[in-house]
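Below: work-v4.pdb (PDB, C-alpha atoms)
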```pdb
ATOM      1  CA  MET A1496      85.622 113.697  77.862  1.00  0.00           C
ATOM      2  CA  ASP A1497      85.334 111.057  80.579  1.00  0.00           C
ATOM      3  CA  VAL A1498      88.464 108.990  81.136  1.00  0.00           C
ATOM      4  CA  PRO A1499      88.345 106.003  83.494  1.00  0.00           C
ATOM      5  CA  LEU A1500      90.559 106.361  86.549  1.00  0.00           C
ATOM      6  CA  TRP A1501      92.405 103.105  85.856  1.00  0.00           C
ATOM      7  CA  LEU A1502      93.330 104.293  82.346  1.00  0.00           C
ATOM      8  CA  ALA A1503      94.550 107.656  83.610  1.00  0.00           C
ATOM      9  CA  LEU A1504      96.678 105.955  86.283  1.00  0.00           C
ATOM     10  CA  ILE A1505      98.230 103.596  83.734  1.00  0.00           C
ATOM     11  CA  VAL A1506      99.097 106.472  81.379  1.00  0.00           C
ATOM     12  CA  VAL A1507     100.524 108.682  84.135  1.00  0.00           C
ATOM     13  CA  GLY A1508     102.462 105.766  85.602  1.00  0.00           C
ATOM     14  CA  TYR A1509     103.898 104.788  82.218  1.00  0.00           C
ATOM     15  CA  LEU A1510     104.952 108.346  81.408  1.00  0.00           C
ATOM     16  CA  GLY A1511     106.418 108.822  84.881  1.00  0.00           C
ATOM     17  CA  ILE A1512     108.506 105.678  84.593  1.00  0.00           C
ATOM     18  CA  LYS A1513     109.681 106.548  81.078  1.00  0.00           C
ATOM     19  CA  LEU A1514     110.524 110.193  81.830  1.00  0.00           C
ATOM     20  CA  ILE A1515     111.835 110.090  85.411  1.00  0.00           C
ATOM     21  CA  ARG A1516     113.242 106.523  85.352  1.00  0.00           C
ATOM     22  CA  PRO A1517     112.935 105.670  89.049  1.00  0.00           C
ATOM     23  CA  PRO A1518     114.414 102.371  90.239  1.00  0.00           C
ATOM     24  CA  TRP A1519     111.996  99.435  89.960  1.00  0.00           C
ATOM     25  CA  TRP A1520     112.279  98.669  93.685  1.00  0.00           C
ATOM     26  CA  LEU A1521     110.991 102.184  94.460  1.00  0.00           C
ATOM     27  CA  VAL A1522     108.002 101.696  92.164  1.00  0.00           C
ATOM     28  CA  ALA A1523     107.244  98.343  93.817  1.00  0.00           C
ATOM     29  CA  VAL A1524     107.534  99.809  97.332  1.00  0.00           C
ATOM     30  CA  LEU A1525     105.210 102.707  96.484  1.00  0.00           C
ATOM     31  CA  LEU A1526     102.615 100.423  94.891  1.00  0.00           C
ATOM     32  CA  LEU A1527     102.715  97.902  97.711  1.00  0.00           C
ATOM     33  CA  GLY A1528     102.724 100.629 100.367  1.00  0.00           C
ATOM     34  CA  GLY A1529      99.728 102.346  98.781  1.00  0.00           C
ATOM     35  CA  TYR A1530      97.850  99.079  98.561  1.00  0.00           C
ATOM     36  CA  LEU A1531      98.550  98.215 102.187  1.00  0.00           C
ATOM     37  CA  LEU A1532      97.766 101.742 103.383  1.00  0.00           C
ATOM     38  CA  ALA A1533      94.410 101.734 101.583  1.00  0.00           C
ATOM     39  CA  ASP A1534      93.371  98.640 103.530  1.00  0.00           C
ATOM     40  CA  SER A1535      94.615  99.813 106.935  1.00  0.00           C
ATOM     41  CA  VAL A1536      93.167 101.793 109.830  1.00  0.00           C
ATOM     42  CA  PHE A1537      94.858 104.903 108.409  1.00  0.00           C
ATOM     43  CA  ALA A1538      92.661 104.907 105.292  1.00  0.00           C
ATOM     44  CA  PRO A1539      90.045 107.346 106.736  1.00  0.00           C
ATOM     45  CA  ILE A1540      92.818 109.765 107.771  1.00  0.00           C
ATOM     46  CA  VAL A1541      94.379 109.699 104.310  1.00  0.00           C
ATOM     47  CA  ASP A1542      90.955 110.028 102.697  1.00  0.00           C
ATOM     48  CA  SER A1543      90.043 113.100 104.716  1.00  0.00           C
ATOM     49  CA  THR A1544      93.465 114.653 104.048  1.00  0.00           C
ATOM     50  CA  VAL A1545      93.208 114.129 100.300  1.00  0.00           C
ATOM     51  CA  LYS A1546      89.687 115.553 100.121  1.00  0.00           C
TER      52      LYS A1546
END
```

If you convert what's in this file into structure tokens, what do you get?
Amino acid sequence: MDVPLWLALIVVGYLGIKLIRPPWWLVAVLLLGGYLLADSVFAPIVDSTVK
């Protein structure tokens, strides 16, 4: 079964917010930080670490 990455992220994010109930500011900081990090000079370092 092939699930698109965007759908899997939405489901995991929704369940994480419902079950763990983190503060909304923390969710916003993580999303914004991830977006900014993906477009920075550190992206190749993170990519090689994750793989």

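With CA of Val1545 in chain A on one side and CA of Ala1533 in chain A on the other, the separation reads 12.5 Å.
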
task: Could you check how far CA of Leu1504 in chain A sits from CA of Leu1526 in chain A, in Å to one decimal?
output: 11.8 Å

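Here CA of Leu1500 in chain A and CA of Ile1515 in chain A stand 21.6 Å from one another.
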
Expected answer as a ChimeraX atom specification: all residues with atoms within 12 Å of (105.7, 102.6, 91.3), only C-alpha atoms: /A:1504-1505,1507-1513,1515-1530

Mind completing range 1533-1544 of chain A with all heavy atoms? Output as a PDB file, in the frame of the given file, please?
```
ATOM      1  N   ALA A1533      95.830 101.595 101.920  1.00  0.00           N
ATOM      2  CA  ALA A1533      94.410 101.734 101.583  1.00  0.00           C
ATOM      3  C   ALA A1533      93.544 100.751 102.357  1.00  0.00           C
ATOM      4  O   ALA A1533      92.355 100.990 102.543  1.00  0.00           O
ATOM      5  CB  ALA A1533      94.211 101.535 100.091  1.00  0.00           C
ATOM      6  N   ASP A1534      94.140  99.661 102.818  1.00  0.00           N
ATOM      7  CA  ASP A1534      93.371  98.640 103.530  1.00  0.00           C
ATOM      8  C   ASP A1534      93.681  98.657 105.034  1.00  0.00           C
ATOM      9  O   ASP A1534      93.426  97.688 105.726  1.00  0.00           O
ATOM     10  CB  ASP A1534      93.690  97.265 102.943  1.00  0.00           C
ATOM     11  CG  ASP A1534      92.670  96.228 103.333  1.00  0.00           C
ATOM     12  OD1 ASP A1534      91.485  96.609 103.485  1.00  0.00           O
ATOM     13  OD2 ASP A1534      93.037  95.057 103.489  1.00  0.00           O
ATOM     14  N   SER A1535      94.232  99.753 105.530  1.00  0.00           N
ATOM     15  CA  SER A1535      94.615  99.813 106.935  1.00  0.00           C
ATOM     16  C   SER A1535      93.681 100.746 107.710  1.00  0.00           C
ATOM     17  O   SER A1535      92.752 101.323 107.150  1.00  0.00           O
ATOM     18  CB  SER A1535      96.059 100.320 107.063  1.00  0.00           C
ATOM     19  OG  SER A1535      96.121 101.686 106.733  1.00  0.00           O
ATOM     20  N   VAL A1536      93.973 100.896 108.995  1.00  0.00           N
ATOM     21  CA  VAL A1536      93.167 101.793 109.830  1.00  0.00           C
ATOM     22  C   VAL A1536      93.450 103.259 109.516  1.00  0.00           C
ATOM     23  O   VAL A1536      92.702 104.132 109.950  1.00  0.00           O
ATOM     24  CB  VAL A1536      93.424 101.526 111.329  1.00  0.00           C
ATOM     25  CG1 VAL A1536      92.982 100.133 111.705  1.00  0.00           C
ATOM     26  CG2 VAL A1536      94.878 101.733 111.692  1.00  0.00           C
ATOM     27  N   PHE A1537      94.517 103.528 108.762  1.00  0.00           N
ATOM     28  CA  PHE A1537      94.858 104.903 108.409  1.00  0.00           C
ATOM     29  C   PHE A1537      94.122 105.398 107.164  1.00  0.00           C
ATOM     30  O   PHE A1537      94.251 106.557 106.793  1.00  0.00           O
ATOM     31  CB  PHE A1537      96.369 105.035 108.181  1.00  0.00           C
ATOM     32  CG  PHE A1537      97.176 104.716 109.398  1.00  0.00           C
ATOM     33  CD1 PHE A1537      97.971 103.576 109.428  1.00  0.00           C
ATOM     34  CD2 PHE A1537      97.142 105.530 110.505  1.00  0.00           C
ATOM     35  CE1 PHE A1537      98.713 103.274 110.555  1.00  0.00           C
ATOM     36  CE2 PHE A1537      97.876 105.236 111.621  1.00  0.00           C
ATOM     37  CZ  PHE A1537      98.668 104.099 111.658  1.00  0.00           C
ATOM     38  N   ALA A1538      93.355 104.538 106.512  1.00  0.00           N
ATOM     39  CA  ALA A1538      92.661 104.907 105.292  1.00  0.00           C
ATOM     40  C   ALA A1538      91.721 106.103 105.486  1.00  0.00           C
ATOM     41  O   ALA A1538      91.711 107.013 104.652  1.00  0.00           O
ATOM     42  CB  ALA A1538      91.918 103.707 104.714  1.00  0.00           C
ATOM     43  N   PRO A1539      90.918 106.163 106.562  1.00  0.00           N
ATOM     44  CA  PRO A1539      90.045 107.346 106.736  1.00  0.00           C
ATOM     45  C   PRO A1539      90.848 108.643 106.920  1.00  0.00           C
ATOM     46  O   PRO A1539      90.415 109.708 106.466  1.00  0.00           O
ATOM     47  CB  PRO A1539      89.242 107.022 107.988  1.00  0.00           C
ATOM     48  CG  PRO A1539      89.276 105.544 108.110  1.00  0.00           C
ATOM     49  CD  PRO A1539      90.597 105.139 107.545  1.00  0.00           C
ATOM     50  N   ILE A1540      91.987 108.565 107.568  1.00  0.00           N
ATOM     51  CA  ILE A1540      92.818 109.765 107.771  1.00  0.00           C
ATOM     52  C   ILE A1540      93.350 110.258 106.437  1.00  0.00           C
ATOM     53  O   ILE A1540      93.304 111.451 106.130  1.00  0.00           O
ATOM     54  CB  ILE A1540      93.965 109.465 108.745  1.00  0.00           C
ATOM     55  CG1 ILE A1540      93.418 109.070 110.100  1.00  0.00           C
ATOM     56  CG2 ILE A1540      94.918 110.641 108.855  1.00  0.00           C
ATOM     57  CD1 ILE A1540      94.444 108.514 111.061  1.00  0.00           C
ATOM     58  N   VAL A1541      93.852 109.329 105.624  1.00  0.00           N
ATOM     59  CA  VAL A1541      94.379 109.699 104.310  1.00  0.00           C
ATOM     60  C   VAL A1541      93.249 110.233 103.428  1.00  0.00           C
ATOM     61  O   VAL A1541      93.420 111.219 102.712  1.00  0.00           O
ATOM     62  CB  VAL A1541      95.072 108.492 103.659  1.00  0.00           C
ATOM     63  CG1 VAL A1541      95.472 108.790 102.223  1.00  0.00           C
ATOM     64  CG2 VAL A1541      96.278 108.064 104.475  1.00  0.00           C
ATOM     65  N   ASP A1542      92.093 109.601 103.501  1.00  0.00           N
ATOM     66  CA  ASP A1542      90.955 110.028 102.697  1.00  0.00           C
ATOM     67  C   ASP A1542      90.515 111.435 103.051  1.00  0.00           C
ATOM     68  O   ASP A1542      90.250 112.255 102.172  1.00  0.00           O
ATOM     69  CB  ASP A1542      89.799 109.052 102.875  1.00  0.00           C
ATOM     70  CG  ASP A1542      88.662 109.325 101.924  1.00  0.00           C
ATOM     71  OD1 ASP A1542      88.946 109.589 100.734  1.00  0.00           O
ATOM     72  OD2 ASP A1542      87.498 109.268 102.361  1.00  0.00           O
ATOM     73  N   SER A1543      90.456 111.747 104.331  1.00  0.00           N
ATOM     74  CA  SER A1543      90.043 113.100 104.716  1.00  0.00           C
ATOM     75  C   SER A1543      91.109 114.128 104.379  1.00  0.00           C
ATOM     76  O   SER A1543      90.787 115.274 104.090  1.00  0.00           O
ATOM     77  CB  SER A1543      89.720 113.146 106.209  1.00  0.00           C
ATOM     78  OG  SER A1543      90.884 112.887 106.973  1.00  0.00           O
ATOM     79  N   THR A1544      92.378 113.728 104.409  1.00  0.00           N
ATOM     80  CA  THR A1544      93.465 114.653 104.048  1.00  0.00           C
ATOM     81  C   THR A1544      93.448 114.948 102.558  1.00  0.00           C
ATOM     82  O   THR A1544      93.654 116.097 102.151  1.00  0.00           O
ATOM     83  CB  THR A1544      94.824 114.050 104.455  1.00  0.00           C
ATOM     84  OG1 THR A1544      94.790 113.751 105.836  1.00  0.00           O
ATOM     85  CG2 THR A1544      95.950 114.999 104.151  1.00  0.00           C
TER      86      THR A1544
END
```
